[in-house]
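Structure first, commentary second.
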Amino acid sequence: MQLNRFDLNLLIALDALVHEKNVTRAAERVFVSQPAMSAALQKLREFFDDQLLVRVGRDMQLTPRGLSLVEPVREALLRIQATLGTQPSFDPGTVQRTFTLIVSADALLRVMPTVFRRLAHEAPGIRCHVEHFSETTLSRLEYGDADLFLGLNSLRLFGLRAFPESLRIVDLRPVRWLCAVSNDHPTVGESITEQQYLALPHVFGWPSGHTIPLEELVRRLLSADLDVRATTQGLLEIPFMLAGTELVATLPEHLAKTLAKLAPVKLMPVPFETPDTREVVIWHKRNEPDPGHAWLREVLIAAAQSP
């Protein structure tokens, strides 16, 4: 590519076009008018000697050339953004910055209060936007839409055999699962058998954004087939749904023990061996040289590893 023949501002328009596959939505994404985006698309078509976007029925689809540009263009923009935003020195006491964190429900209760206390004391200008885990978590890290993920390392949950090489992972601790049932459950006493666990109705956390069937999600997480009668998008509300019912819930240990102080439930171990699951922190390798990012992830890791 001859950079003196290419307006680098068009990279922003190109990124919006290949992701939205719609001129109007691409214009809205980067806050320009629809005619301005149409003009940018025409310039891009002339430069690449390719239509990039073509109409198929009512929709627009990427040409093979357009498809090949999706990841390289986004990566180039993210690297430029990281380079321009990285300062040679970092002072947490004066920096003004917002981070997007994807955090499991368990870590939200156990880790984030410690993180927020430290930020308030050492870095009052840092703001955190916290999101729930979803099927798109890893892609949000890949595309730079999120900075850090703190949650389960279950490859089965993501439908992967291995994490992408572009991601960095720090292992934190094992995650143990507990069963929760109502204090007055009609058939479960102080322990639950495998036969009871598999036969009783369950309530299960099913995060928004998942496209895989619920049954497959349960199998990936617990290697079991359950009779799921109710689902929620989160985990925090589940213990309060159990009172006076025959429902069983399966929750991470710390979250279950914390909520059991508030909800009328009793806890017991899952009555069979579940897949090995660990809590991890994950980020994209492009953020490695960013001192602000490095400082925040060390704060997160220290909080997660504290007793």
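How things are named: the first chain in the structure tokens is A, the next is B, and so on; residues count from 1 in each chain; ligands count from 1 in the order shown.
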- Message: Can you tell me which residues surround Leu200 (chain A) at a distance of at most 12 Å, considering only C-alpha atoms, apart from same-chain residues fewer than 3 positions away, and format the answer as an MDAnalysis selection string?
- Response: chainID A and resid 179 181 185:188 192:197 203 225:229 245:249
- Message: Considering only helix (DSSP H, G or I) as DSSP defines it on the backbone, what residues of region 109-285 of chain A qualify? List them as a ChimeraX atom specification.
- Response: /A:109-110,112-122,137-142,155-158,194-199,214-222,238-241,253-260,285
- Query: If you run DSSP on the backbone, which residues of region 35-200 of chain A are strand (DSSP E or B), as JSON, numbers by chain?
  - Reply: {"A": [53, 54, 55, 56, 59, 60, 61, 62, 97, 98, 99, 100, 101, 102, 103, 126, 127, 128, 129, 130, 131, 148, 149, 150, 151, 152, 167, 168, 169, 170, 171, 172, 173, 174, 177, 178, 179, 180, 181, 182]}
Pull N, CA and C atoms from the residues just selected and write them as a compact mmCIF listing (two decimals), in the first residue's frame.
```txt
# COMPACT_ATOMS: atom_id res chain seq x y z
N LEU A 53 -18.37 -4.14 -0.50
CA LEU A 53 -19.72 -4.47 -0.06
C LEU A 53 -20.62 -4.57 -1.28
N VAL A 54 -21.39 -5.65 -1.36
CA VAL A 54 -22.32 -5.82 -2.48
C VAL A 54 -23.69 -6.19 -1.93
N ARG A 55 -24.71 -5.80 -2.65
CA ARG A 55 -26.07 -6.09 -2.21
C ARG A 55 -26.47 -7.50 -2.63
N VAL A 56 -26.98 -8.26 -1.67
CA VAL A 56 -27.52 -9.60 -1.93
C VAL A 56 -28.92 -9.62 -1.34
N ASP A 59 -29.93 -7.41 1.84
CA ASP A 59 -28.77 -7.22 2.71
C ASP A 59 -27.52 -6.88 1.90
N MET A 60 -26.54 -6.33 2.61
CA MET A 60 -25.22 -6.10 2.03
C MET A 60 -24.27 -7.15 2.59
N GLN A 61 -23.45 -7.70 1.72
CA GLN A 61 -22.47 -8.70 2.15
C GLN A 61 -21.08 -8.29 1.70
N LEU A 62 -20.08 -8.75 2.46
CA LEU A 62 -18.70 -8.44 2.12
C LEU A 62 -18.23 -9.31 0.96
N ARG A 97 -9.22 7.79 32.90
CA ARG A 97 -9.37 6.72 31.91
C ARG A 97 -10.51 5.79 32.30
N THR A 98 -11.14 5.19 31.30
CA THR A 98 -12.22 4.23 31.53
C THR A 98 -11.82 2.88 30.97
N PHE A 99 -12.02 1.82 31.77
CA PHE A 99 -11.75 0.44 31.35
C PHE A 99 -13.06 -0.34 31.33
N THR A 100 -13.17 -1.24 30.37
CA THR A 100 -14.31 -2.16 30.32
C THR A 100 -13.86 -3.53 30.79
N LEU A 101 -14.49 -4.03 31.85
CA LEU A 101 -14.13 -5.30 32.46
C LEU A 101 -15.31 -6.26 32.33
N ILE A 102 -15.04 -7.49 31.90
CA ILE A 102 -16.05 -8.55 31.88
C ILE A 102 -15.76 -9.46 33.07
N VAL A 103 -16.72 -9.56 33.99
CA VAL A 103 -16.47 -10.20 35.27
C VAL A 103 -17.56 -11.21 35.58
N ILE A 126 -9.76 6.71 37.49
CA ILE A 126 -10.04 5.52 36.68
C ILE A 126 -11.48 5.08 36.92
N ARG A 127 -12.21 4.91 35.83
CA ARG A 127 -13.59 4.44 35.89
C ARG A 127 -13.67 3.05 35.27
N CYS A 128 -14.54 2.21 35.81
CA CYS A 128 -14.70 0.84 35.31
C CYS A 128 -16.13 0.62 34.86
N HIS A 129 -16.28 0.15 33.62
CA HIS A 129 -17.58 -0.32 33.13
C HIS A 129 -17.55 -1.83 33.21
N VAL A 130 -18.39 -2.41 34.06
CA VAL A 130 -18.37 -3.85 34.31
C VAL A 130 -19.51 -4.52 33.56
N GLU A 131 -19.17 -5.56 32.80
CA GLU A 131 -20.16 -6.31 32.03
C GLU A 131 -20.22 -7.75 32.52
N LEU A 148 -10.37 -6.44 29.93
CA LEU A 148 -9.98 -7.58 30.74
C LEU A 148 -11.17 -8.47 31.00
N PHE A 149 -10.92 -9.77 31.12
CA PHE A 149 -11.94 -10.73 31.53
C PHE A 149 -11.48 -11.43 32.79
N LEU A 150 -12.32 -11.45 33.80
CA LEU A 150 -12.05 -12.18 35.03
C LEU A 150 -13.18 -13.17 35.22
N GLY A 151 -12.87 -14.46 35.05
CA GLY A 151 -13.92 -15.46 35.15
C GLY A 151 -13.39 -16.86 34.91
N LEU A 152 -14.26 -17.74 34.42
CA LEU A 152 -13.91 -19.15 34.26
C LEU A 152 -13.07 -19.38 33.02
N LEU A 167 -4.28 -13.98 23.01
CA LEU A 167 -4.72 -13.66 24.36
C LEU A 167 -3.69 -14.09 25.40
N ARG A 168 -3.57 -13.30 26.44
CA ARG A 168 -2.70 -13.62 27.56
C ARG A 168 -3.57 -14.06 28.74
N ILE A 169 -3.13 -15.11 29.46
CA ILE A 169 -3.95 -15.70 30.53
C ILE A 169 -3.11 -15.87 31.78
N VAL A 170 -3.67 -15.45 32.92
CA VAL A 170 -3.05 -15.70 34.22
C VAL A 170 -4.01 -16.57 35.02
N ASP A 171 -3.51 -17.73 35.45
CA ASP A 171 -4.31 -18.65 36.25
C ASP A 171 -4.35 -18.16 37.70
N LEU A 172 -5.54 -18.17 38.31
CA LEU A 172 -5.71 -17.63 39.66
C LEU A 172 -5.99 -18.69 40.70
N ARG A 173 -7.04 -19.51 40.51
CA ARG A 173 -7.43 -20.44 41.56
C ARG A 173 -8.44 -21.44 41.01
N PRO A 174 -8.59 -22.60 41.67
CA PRO A 174 -9.63 -23.54 41.25
C PRO A 174 -11.02 -23.03 41.66
N TRP A 177 -17.78 -26.20 42.85
CA TRP A 177 -19.21 -25.99 42.67
C TRP A 177 -19.98 -26.56 43.86
N LEU A 178 -21.04 -25.86 44.26
CA LEU A 178 -21.93 -26.31 45.31
C LEU A 178 -23.37 -26.35 44.82
N CYS A 179 -24.14 -27.26 45.41
CA CYS A 179 -25.59 -27.30 45.17
C CYS A 179 -26.28 -26.41 46.21
N ALA A 180 -27.34 -25.77 45.80
CA ALA A 180 -28.17 -24.99 46.72
C ALA A 180 -29.62 -25.44 46.56
N VAL A 181 -30.28 -25.68 47.68
CA VAL A 181 -31.71 -26.02 47.68
C VAL A 181 -32.37 -25.25 48.81
N SER A 182 -33.68 -25.17 48.76
CA SER A 182 -34.43 -24.49 49.81
C SER A 182 -34.20 -25.19 51.15
```
- Task: Return the single residue from A:Leu11, A:Leu41, A:Leu222, A:Ala105 that is closest to Gly234 (chain A), with distances computed using only C-alpha atoms.
- Result: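 Nearest to Gly234 (chain A): A:Ala105.
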- Task: Skip Pro72 (chain A) itself and residues of its chain fewer than 5 positions away, then list as a PyMOL selection string all residues within 12 Å of it, counting only C-alpha atoms.
- Result: chain A and resi 11+14-15+18+65-67+77-79+142-143
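The closest residue to Pro252 (chain A), picked from A:Ala27, A:Leu296, A:Val70, A:Leu109 and counting only C-alpha atoms, is A:Leu109.
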- Item | Selection near Gln34 (chain A), 7 Å with only C-alpha atoms, sequence-local residues under 4 positions removed, as a PyMOL selection string | chain A and resi 23-24+27+38
Deliver the residues from the most recent selection as a file, using C-alpha atoms, as a short mmCIF file (atom, residue, chain, number, x, y, z; two decimals), in the first residue's frame.
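The file below, selection.cif, is the result:
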```
data_model
loop_
_atom_site.label_atom_id
_atom_site.label_comp_id
_atom_site.auth_asym_id
_atom_site.auth_seq_id
_atom_site.Cartn_x
_atom_site.Cartn_y
_atom_site.Cartn_z
CA VAL A 23 -23.69 2.35 5.10
CA THR A 24 -26.25 4.02 7.37
CA ALA A 27 -22.17 6.33 9.49
CA SER A 38 -21.14 6.72 1.01
#
```
- Can you tell me how far CA of Thr136 (chain A) sits from CA of Thr231 (chain A), in Å to one decimal?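 Interatomic distance here is 19.2 Å.
When CA of Ala162 (chain A) is paired with CA of Leu217 (chain A), their separation reads 17.5 Å.
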